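Colleague: My structure is in upload28.cif, and what it holds is mmCIF, C-alpha atoms:
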```
data_run
#
loop_
_atom_site.label_atom_id
_atom_site.label_comp_id
_atom_site.auth_asym_id
_atom_site.auth_seq_id
_atom_site.Cartn_x
_atom_site.Cartn_y
_atom_site.Cartn_z
CA MET A 673 23.81 109.34 1.38
CA ARG A 674 23.62 105.66 0.64
CA GLY A 675 21.60 106.53 -2.42
CA ASP A 676 24.36 108.84 -3.62
CA GLU A 677 26.95 106.09 -3.20
CA GLU A 678 24.77 103.65 -5.08
CA MET A 679 24.26 106.20 -7.81
CA GLY A 680 28.04 106.78 -7.96
CA ASP A 681 28.72 103.07 -8.25
CA ARG A 682 26.16 102.79 -10.97
CA TYR A 683 27.77 105.64 -12.88
CA ASP A 684 31.20 104.08 -12.40
CA ALA A 685 29.99 100.80 -13.79
CA LEU A 686 28.44 102.61 -16.75
CA ILE A 687 31.68 104.52 -17.31
CA ASP A 688 33.78 101.31 -17.19
CA ARG A 689 31.50 99.60 -19.64
CA ALA A 690 31.47 102.59 -21.97
CA LEU A 691 35.23 102.95 -21.67
CA ARG A 692 35.82 99.38 -22.79
CA SER A 693 33.88 99.98 -25.96
CA TYR A 694 35.34 103.49 -26.27
CA ALA A 695 38.92 102.17 -26.24
CA GLU A 696 38.14 99.24 -28.50
CA PRO A 697 39.20 100.23 -31.99
CA GLY A 698 37.20 97.58 -33.74
CA GLU A 699 39.19 96.04 -36.53
CA VAL A 700 42.93 96.12 -35.96
CA PRO A 701 45.12 95.66 -39.05
CA GLU A 702 47.18 92.50 -39.21
CA ALA A 703 50.61 92.72 -37.69
CA GLN A 704 52.19 90.94 -40.67
CA VAL A 705 50.80 93.47 -43.11
CA VAL A 706 52.02 96.32 -40.95
CA LEU A 707 55.43 94.70 -40.58
CA ALA A 708 55.77 94.37 -44.35
CA ARG A 709 54.83 98.00 -44.80
CA VAL A 710 57.18 99.20 -42.10
CA LEU A 711 60.08 97.17 -43.47
CA SER A 712 59.52 98.33 -47.03
CA ARG A 713 59.36 101.95 -45.89
CA ALA A 714 62.46 101.44 -43.78
CA ARG A 715 64.41 99.98 -46.73
CA GLU A 716 63.23 102.79 -48.97
CA SER A 717 64.29 105.45 -46.52
CA GLU A 718 67.62 103.69 -45.99
CA SER A 719 68.36 103.67 -49.70
CA GLN A 720 67.39 107.36 -49.86
CA ARG A 721 69.66 108.04 -46.94
CA ARG A 722 72.48 106.18 -48.67
CA VAL A 723 72.01 108.29 -51.80
CA LEU A 724 72.06 111.41 -49.67
CA TRP A 725 75.24 110.22 -47.98
CA VAL A 726 76.90 109.60 -51.33
CA TRP A 727 75.93 113.06 -52.54
CA GLY A 728 76.98 114.62 -49.29
CA ALA A 729 80.33 112.86 -49.37
CA ALA A 730 80.87 113.93 -52.99
CA VAL A 731 80.09 117.56 -52.18
CA ALA A 732 82.32 117.45 -49.09
CA ALA A 733 85.16 115.93 -51.10
CA GLY A 734 84.77 118.60 -53.76
CA LEU A 735 84.89 121.34 -51.15
CA ALA A 736 87.92 119.75 -49.51
CA VAL A 737 89.74 119.63 -52.87
CA MET A 738 88.88 123.28 -53.50
CA VAL A 739 90.18 124.28 -50.09
CA LEU A 740 93.34 122.26 -50.63
CA VAL A 741 93.95 123.81 -54.03
CA GLY A 742 93.40 127.24 -52.53
CA MET A 743 95.89 126.54 -49.77
CA VAL A 744 98.50 125.24 -52.21
CA TRP A 745 97.94 128.24 -54.45
CA GLY A 746 98.32 130.55 -51.51
CA MET A 747 101.56 128.89 -50.48
CA ARG A 748 102.95 129.07 -53.99
CA SER A 749 102.24 132.75 -54.47
CA PRO A 750 105.53 134.69 -54.63
CA GLN A 751 106.82 136.43 -51.60
CA ARG A 752 107.75 140.04 -51.99
CA PRO A 753 111.50 140.35 -52.52
CA GLU A 754 113.22 142.11 -49.69
CA ILE A 755 115.39 144.93 -50.89
CA ALA A 756 117.42 146.46 -48.20
CA TRP A 757 117.36 150.20 -48.22
CA LYS A 758 120.74 151.54 -47.40
CA PRO A 759 121.96 155.06 -47.71
CA LYS A 760 124.29 155.58 -50.57
CA ALA A 761 126.56 157.98 -48.70
CA PRO A 762 129.53 156.08 -47.37
CA GLY A 763 130.11 155.98 -43.68
CA VAL A 764 126.56 157.05 -42.80
CA THR A 765 124.50 154.83 -40.62
CA LEU A 766 120.80 155.28 -39.98
CA SER A 767 119.30 154.95 -36.57
CA ALA A 768 115.78 154.75 -35.28
CA THR A 769 116.14 158.08 -33.54
CA THR A 770 116.66 160.06 -36.71
CA GLN A 771 114.66 163.25 -36.54
CA SER A 772 112.14 163.77 -39.23
CA PRO A 773 112.29 166.99 -41.16
CA TYR A 774 108.56 166.75 -41.77
CA PRO A 775 106.30 168.07 -39.02
CA GLY A 776 104.05 165.51 -37.39
CA MET A 777 105.94 162.67 -38.94
CA LYS A 778 107.78 160.25 -36.71
CA ALA A 779 110.85 159.16 -38.51
CA ASN A 780 113.27 156.40 -37.90
CA ASN A 781 114.83 155.62 -41.16
CA GLY A 782 111.87 156.97 -43.00
CA GLU A 783 110.24 153.65 -43.80
CA GLU A 784 107.67 153.53 -41.03
CA ASN A 785 105.78 156.64 -42.04
CA MET A 786 106.33 156.19 -45.67
CA PRO A 787 103.28 155.61 -47.84
CA ARG A 788 103.12 152.02 -48.80
CA ARG A 789 103.42 152.59 -52.45
CA LEU A 790 106.74 154.32 -51.88
CA LYS A 791 108.22 151.79 -49.50
CA PRO A 792 111.56 150.31 -50.44
CA GLU A 793 110.20 146.82 -50.93
CA ILE A 794 108.01 148.24 -53.63
CA PHE A 795 110.50 150.62 -55.16
CA GLY A 796 114.09 149.69 -55.41
CA GLN A 797 115.33 153.04 -54.16
CA HIS A 798 113.86 156.09 -52.54
CA ASN A 799 114.43 158.39 -55.37
CA GLY A 800 110.84 157.98 -56.49
CA THR A 801 111.57 156.01 -59.58
CA ALA A 802 109.56 152.86 -59.81
CA GLU A 803 112.03 150.11 -60.14
CA ALA A 804 110.17 147.02 -61.24
CA VAL A 805 111.45 143.87 -59.64
CA PRO A 806 110.69 140.79 -61.73
CA LEU A 807 109.16 137.92 -59.78
CA GLN A 808 109.18 134.18 -60.21
CA ASN A 809 105.86 133.86 -61.96
CA GLY A 810 106.47 136.71 -64.34
CA ARG A 811 104.34 139.30 -62.59
CA THR A 812 106.03 142.35 -61.32
CA ALA A 813 106.25 143.52 -57.79
CA GLU A 814 105.18 146.94 -58.90
CA ARG A 815 101.89 145.79 -60.33
CA GLU A 816 101.13 143.66 -57.33
CA SER A 817 102.03 146.31 -54.82
CA TRP A 818 100.05 149.01 -56.57
CA ALA A 819 96.99 146.84 -56.65
CA GLU A 820 97.46 145.87 -53.05
CA ALA A 821 97.98 149.43 -51.95
CA GLU A 822 94.90 150.63 -53.78
CA ASN A 823 92.79 147.89 -52.26
CA HIS A 824 93.88 148.05 -48.66
CA LEU A 825 95.34 151.40 -47.84
CA PRO A 826 93.47 154.62 -47.32
CA ARG A 827 94.66 157.57 -49.25
CA MET A 828 96.93 159.90 -47.36
CA GLU A 829 95.40 163.19 -46.38
CA VAL A 830 98.64 165.11 -46.94
CA PHE A 831 99.23 166.33 -50.47
CA PRO A 832 101.74 166.02 -51.84
CA MET A 833 102.47 162.85 -50.00
CA PRO A 834 105.50 162.95 -47.73
CA ARG A 835 108.50 161.75 -49.57
CA PRO A 836 111.07 159.65 -47.75
CA LEU A 837 114.48 161.12 -47.12
CA SER A 838 116.98 160.65 -49.85
CA ALA A 839 120.37 159.21 -49.06
CA GLU A 840 121.91 162.67 -49.11
CA GLU A 841 119.29 164.00 -46.75
CA GLN A 842 119.82 161.04 -44.49
CA ALA A 843 123.52 161.76 -44.49
CA LEU A 844 122.84 165.36 -43.55
CA VAL A 845 120.56 164.35 -40.70
CA ALA A 846 123.19 161.95 -39.40
CA PHE A 847 125.82 164.60 -39.74
CA THR A 848 123.86 167.12 -37.72
CA ARG A 849 123.31 164.54 -35.05
CA ASP A 850 126.80 163.13 -34.74
CA VAL A 851 129.12 166.08 -35.40
CA PRO A 852 129.71 168.64 -32.57
CA ALA A 853 128.03 171.99 -32.84
CA LYS A 854 131.28 173.92 -33.21
CA VAL A 855 132.30 171.96 -36.27
CA GLN A 856 128.82 172.26 -37.63
CA GLN A 857 129.02 176.00 -37.27
CA GLN A 858 132.36 176.03 -39.05
CA VAL A 859 130.95 173.97 -41.85
CA ILE A 860 127.94 176.27 -42.09
CA GLU A 861 130.22 179.28 -42.17
CA ALA A 862 132.38 177.63 -44.77
CA GLN A 863 129.29 176.82 -46.82
CA LYS A 864 128.41 180.49 -46.88
CA HIS A 865 131.65 181.33 -48.64
CA VAL A 866 131.61 178.52 -51.12
CA GLY A 867 130.86 180.83 -54.03
CA ASP A 868 133.40 183.51 -53.08
CA PRO A 869 136.45 184.03 -55.35
CA ILE A 870 139.61 182.50 -54.05
CA VAL A 871 141.89 185.14 -52.63
CA ILE A 872 145.56 184.31 -52.22
CA ALA A 873 147.35 186.55 -49.87
CA GLU A 874 150.39 188.46 -51.18
CA LEU A 875 153.66 186.61 -50.68
CA LYS A 876 156.15 188.58 -48.68
CA ILE A 877 159.65 187.27 -48.13
CA ALA A 878 161.75 189.11 -45.63
CA PRO A 879 165.49 189.64 -46.55
CA LEU A 880 168.01 187.52 -44.69
CA ASP A 881 170.35 189.07 -42.04
CA ASP A 882 174.32 188.79 -42.16
CA GLY A 883 174.88 185.79 -39.96
CA GLU A 884 172.36 183.99 -41.90
CA LYS A 885 174.01 185.11 -45.15
CA GLN A 886 177.45 183.68 -44.09
CA GLY A 887 175.91 180.48 -43.05
CA SER A 888 174.23 180.17 -46.33
CA ASN A 889 177.43 180.95 -48.27
CA GLN A 890 179.26 178.25 -46.35
CA GLN A 891 176.54 175.82 -47.20
CA GLU A 892 176.80 176.67 -50.90
CA LYS A 893 180.52 176.06 -50.84
CA ASP A 894 180.10 172.73 -49.17
CA ARG A 895 177.57 171.77 -51.81
CA GLU A 896 179.96 172.79 -54.64
CA ARG A 897 182.68 170.57 -53.11
CA MET B 193 70.50 94.92 -42.48
CA ARG B 194 71.17 91.57 -40.86
CA PRO B 195 68.44 88.91 -41.04
CA GLU B 196 68.54 88.35 -37.27
CA ASP B 197 67.83 92.06 -36.73
CA GLU B 198 64.88 91.84 -39.02
CA ALA B 199 63.58 88.76 -37.23
CA GLU B 200 63.97 90.48 -33.88
CA PHE B 201 62.12 93.56 -35.10
CA ALA B 202 59.39 91.41 -36.65
CA GLY B 203 58.91 89.76 -33.24
CA LEU B 204 58.51 93.17 -31.61
CA VAL B 205 55.93 94.26 -34.18
CA GLU B 206 53.95 91.07 -33.75
CA ARG B 207 53.97 91.34 -29.97
CA GLN B 208 53.23 95.04 -29.64
CA TRP B 209 51.42 96.12 -32.78
CA ARG B 210 47.93 95.71 -31.42
CA PHE B 211 48.83 97.54 -28.25
CA ALA B 212 50.47 100.41 -30.14
CA TYR B 213 47.47 100.68 -32.38
CA ARG B 214 45.12 100.87 -29.39
CA VAL B 215 47.21 103.57 -27.76
CA ALA B 216 47.13 105.59 -30.97
CA TRP B 217 43.41 104.95 -31.31
CA ALA B 218 42.79 106.19 -27.75
CA VAL B 219 44.32 109.50 -28.71
CA LEU B 220 43.16 109.89 -32.28
CA ARG B 221 39.80 108.05 -32.40
CA ASN B 222 40.24 107.44 -36.10
CA ALA B 223 41.20 104.08 -37.60
CA HIS B 224 43.32 105.43 -40.46
CA ASP B 225 45.11 107.98 -38.36
CA ALA B 226 45.72 105.47 -35.60
CA GLU B 227 47.14 102.98 -38.08
CA ASP B 228 49.43 105.59 -39.64
CA ALA B 229 50.63 106.86 -36.28
CA ALA B 230 51.32 103.39 -34.90
CA GLN B 231 53.11 102.43 -38.10
CA GLU B 232 55.19 105.59 -37.90
CA ALA B 233 56.09 104.73 -34.33
CA PHE B 234 57.46 101.36 -35.39
CA LEU B 235 59.32 102.95 -38.26
CA LYS B 236 60.98 105.32 -35.83
CA ILE B 237 61.89 102.43 -33.57
CA TRP B 238 63.43 100.66 -36.56
CA ARG B 239 65.43 103.69 -37.68
CA ALA B 240 66.74 104.28 -34.19
CA ARG B 241 67.60 100.58 -33.83
CA ALA B 242 65.88 100.99 -30.50
CA TRP B 243 64.40 97.51 -30.23
CA ARG B 244 67.70 95.99 -29.16
CA GLY B 245 68.04 95.43 -25.46
CA LEU B 246 64.79 97.07 -24.44
CA ARG B 247 64.11 96.59 -20.74
CA ASN B 248 60.39 97.31 -20.99
CA GLU B 249 59.34 97.13 -24.59
CA LYS B 250 55.67 97.66 -23.82
CA ALA B 251 56.37 100.98 -22.10
CA TYR B 252 58.73 102.02 -24.89
CA VAL B 253 56.22 101.20 -27.62
CA ALA B 254 53.44 102.91 -25.66
CA ARG B 255 55.50 106.03 -25.30
CA SER B 256 56.47 106.09 -28.98
CA ALA B 257 52.93 105.47 -30.14
CA TRP B 258 51.45 108.01 -27.77
CA ARG B 259 53.91 110.71 -28.81
CA LEU B 260 53.37 110.03 -32.48
CA ALA B 261 49.60 110.03 -32.00
CA VAL B 262 49.66 113.33 -30.13
CA ASP B 263 51.83 114.87 -32.85
CA TRP B 264 49.53 113.44 -35.47
CA SER B 265 46.50 114.80 -33.69
CA SER B 266 47.86 118.32 -33.43
CA ARG B 267 48.93 118.19 -37.09
CA GLN B 268 45.47 117.05 -38.12
CA THR B 269 43.87 119.77 -36.04
CA ARG B 270 46.06 122.39 -37.70
CA LEU B 271 45.26 121.03 -41.15
CA ARG B 272 41.55 120.97 -40.38
CA ARG B 273 41.64 124.55 -39.15
CA HIS B 274 43.56 125.58 -42.25
CA SER B 275 41.14 123.88 -44.64
CA ASP B 276 38.12 125.21 -42.70
CA ARG B 277 39.50 128.71 -43.02
CA GLY B 278 39.83 128.24 -46.74
CA SER B 279 36.47 126.62 -47.40
CA GLN B 280 33.84 127.96 -45.05
CA PRO B 281 33.28 130.64 -42.43
CA GLU B 282 34.44 129.72 -38.93
CA ASP B 283 31.14 130.25 -37.19
CA GLU B 284 29.33 127.71 -39.36
CA PRO B 285 29.74 124.07 -38.35
CA GLY B 286 31.38 121.75 -40.88
CA ILE B 287 29.43 119.06 -42.70
CA GLU B 288 31.21 116.30 -40.79
CA GLU B 289 30.36 117.94 -37.51
CA LEU B 290 26.70 118.14 -38.43
CA ALA B 291 26.59 114.53 -39.56
CA ASP B 292 28.43 113.39 -36.45
CA ALA B 293 26.21 115.34 -34.13
CA GLY B 294 23.23 113.02 -34.39
CA LEU B 295 21.53 112.65 -31.02
CA SER B 296 22.58 114.61 -27.99
CA PRO B 297 23.80 112.69 -24.91
CA GLU B 298 20.45 113.35 -23.23
CA GLU B 299 18.59 111.91 -26.20
CA ARG B 300 20.86 108.90 -26.19
CA VAL B 301 20.23 108.37 -22.48
CA ALA B 302 16.54 108.67 -23.10
CA ALA B 303 16.89 106.08 -25.78
CA GLY B 304 18.67 103.82 -23.27
CA ASP B 305 21.98 104.06 -25.07
CA TRP B 306 24.15 104.92 -22.09
CA ALA B 307 27.36 103.73 -23.74
CA ALA B 308 27.01 106.08 -26.68
CA ALA B 309 26.08 108.93 -24.33
CA VAL B 310 29.14 108.30 -22.18
CA HIS B 311 31.29 108.13 -25.32
CA ARG B 312 30.16 111.61 -26.22
CA LEU B 313 30.75 112.79 -22.70
CA ILE B 314 34.26 111.35 -22.75
CA ASP B 315 34.90 113.10 -26.05
CA SER B 316 33.85 116.38 -24.45
CA LEU B 317 36.41 116.03 -21.64
CA PRO B 318 39.56 118.14 -21.72
CA GLU B 319 42.18 116.39 -23.84
CA GLU B 320 44.62 115.66 -21.01
CA LEU B 321 41.85 113.98 -19.01
CA ARG B 322 40.38 112.16 -21.98
CA GLN B 323 43.71 110.65 -23.04
CA VAL B 324 44.50 109.37 -19.57
CA LEU B 325 41.04 107.90 -19.23
CA ALA B 326 41.19 106.20 -22.62
CA LEU B 327 44.63 104.79 -21.93
CA SER B 328 43.52 103.47 -18.54
CA VAL B 329 41.73 100.65 -20.33
CA GLU B 330 45.03 99.40 -21.80
CA MET B 331 47.51 100.30 -19.06
CA ASN B 332 47.73 100.87 -15.35
CA SER B 333 48.59 104.30 -14.00
CA ARG B 334 52.33 103.54 -13.76
CA GLU B 335 52.49 102.51 -17.40
CA ILE B 336 50.47 105.55 -18.44
CA ALA B 337 52.82 107.76 -16.46
CA ALA B 338 55.83 106.19 -18.19
CA ALA B 339 54.23 106.53 -21.61
CA MET B 340 53.16 110.14 -21.12
CA GLY B 341 56.30 111.14 -19.29
CA MET B 342 54.60 112.39 -16.14
CA ALA B 343 54.32 111.44 -12.48
CA GLU B 344 52.13 108.55 -11.53
CA GLY B 345 50.33 110.77 -9.03
CA THR B 346 49.39 113.15 -11.81
CA VAL B 347 47.92 110.30 -13.80
CA ARG B 348 45.84 109.18 -10.83
CA THR B 349 44.63 112.71 -10.17
CA ARG B 350 43.61 113.13 -13.78
CA LEU B 351 41.80 109.81 -13.76
CA MET B 352 39.87 110.81 -10.66
CA ARG B 353 39.03 114.21 -12.12
CA ALA B 354 37.89 112.65 -15.38
CA ARG B 355 35.66 110.17 -13.64
CA ALA B 356 34.26 112.85 -11.33
CA MET B 357 33.42 115.08 -14.26
CA LEU B 358 31.75 112.21 -16.07
CA ARG B 359 29.70 111.31 -13.01
CA GLU B 360 28.56 114.93 -12.61
CA LYS B 361 27.55 115.18 -16.24
CA MET B 362 25.73 111.86 -16.11
CA ALA B 363 23.85 112.93 -12.99
CA ALA B 364 22.90 116.23 -14.60
CA MET B 365 21.71 114.42 -17.70
CA GLU B 366 19.60 112.05 -15.67
CA GLU B 367 18.08 114.92 -13.68
CA ARG B 368 17.10 116.73 -16.87
CA ARG B 369 15.63 113.52 -18.20
CA TYR B 370 13.48 113.02 -15.07
CA ALA B 371 12.54 116.71 -15.06
CA ARG B 372 11.16 116.35 -18.56
CA GLY B 373 9.22 113.38 -17.34
#
```
In structure tokens, what does this structure look like?
Modeller:
Amino acid sequence: MRGDEEMGDRYDALIDRALRSYAEPGEVPEAQVVLARVLSRARESESQRRVLWVWGAAVAAGLAVMVLVGMVWGMRSPQRPEIAWKPKAPGVTLSATTQSPYPGMKANNGEENMPRRLKPEIFGQHNGTAEAVPLQNGRTAERESWAEAENHLPRMEVFPMPRPLSAEEQALVAFTRDVPAKVQQQVIEAQKHVGDPIVIAELKIAPLDDGEKQGSNQQEKDRER
Amino acid sequence: MRPEDEAEFAGLVERQWRFAYRVAWAVLRNAHDAEDAAQEAFLKIWRARAWRGLRNEKAYVARSAWRLAVDWSSRQTRLRRHSDRGSQPEDEPGIEELADAGLSPEERVAAGDWAAAVHRLIDSLPEELRQVLALSVEMNSREIAAAMGMAEGTVRTRLMRARAMLREKMAAMEERRYARG
């Protein structure tokens, strides 16, 4: 037991002695030399970092200018002129509850379900004629809207594409909604006979009786006087 | 950079360079690598402007140097593995290994060179035990714990385990030596 302890102490002493030499690196470089190296490397890396900063700042500034120009360009781009679509028929007002004559098509005044390329802001009127509206920068609304429609809108599955109601059709729809059924029926009946020849009933004048004759003679005399 | 900053940093390098180098050496066991790692540690301290207002500069430098040395060591190991894979088959020992082998610990003990034998035994310890043992020459267990970022109790346990393993190996070596006569 005691021998084991002695042996352990001996080993510990050997380990301590060996450790001292183990951890001793021998020749250690001079601190001044190391300091000079560290400082020169630090300055070098700082100058590199400065160059990187300058480049980074230049790139960031360039990007910022590009973004700014893009924003300004976007703000300057012409807004689509608003052309109010009003029915031509006088005295006809359109409401959101107008019934659509096309099945499966919810209609208010026709604009909502209208294909984009036929909408009134694109075409001046709903008669299908492309009315080009000149814009500030010289481009036309038609060109812009066609391009936009082709890029963003899916093609309609219905062919031919539903056409918006014309002003006359709108007027008819309003008429059927607002006018009572009896009058409508009369109008419909009247419409049926529009092409018929005009017949004027025979004029029959009944002869006057005596009393009436005397009265009329007296009146003639008075007039002569 | 202000001159007073430079002077302050120069003072830190002069005070702690030797210590940082020894910490790096304890991990790397190579003069060039230790010098590079310690230098890198000071460069990092400079870049981080970390030398200002240090409460315990020795612990800070030890930690920086130890971390850099461990990183350096793992990088070197990877590089060595990579170059070994490219140059020679893995099962054959490298030329350096053969040259370094020299005498076995038993032969060194027989020759009376206990220090060299113990050095080889220390080198054969697991890395976490070897590093703690090597650093124990420079620092106490609290400083080692601070440098390695672990509990002081862990450091003490590792030190005890390292010493116990060394004692066992030394006893075994001595027994074999006596058995051979």
Colleague: Report as a VMD selection string the set of chain A residues whose atoms approach chain B to within 10 Å, with distances computed over only C-alpha atoms.
Modeller: chain A and resid 679 to 684 686 to 704 706 to 715 717 to 718
Colleague: For atom CA of Arg368 of chain B and atom CA of Asp305 of chain B, quote the distance in Å rounded to one decimal.
Modeller: 15.9 Å
Colleague: What does the distance between atom CA of Arg247 of chain B and atom CA of Pro195 of chain B come to in Å, to one decimal place?
Modeller: 22.1 Å
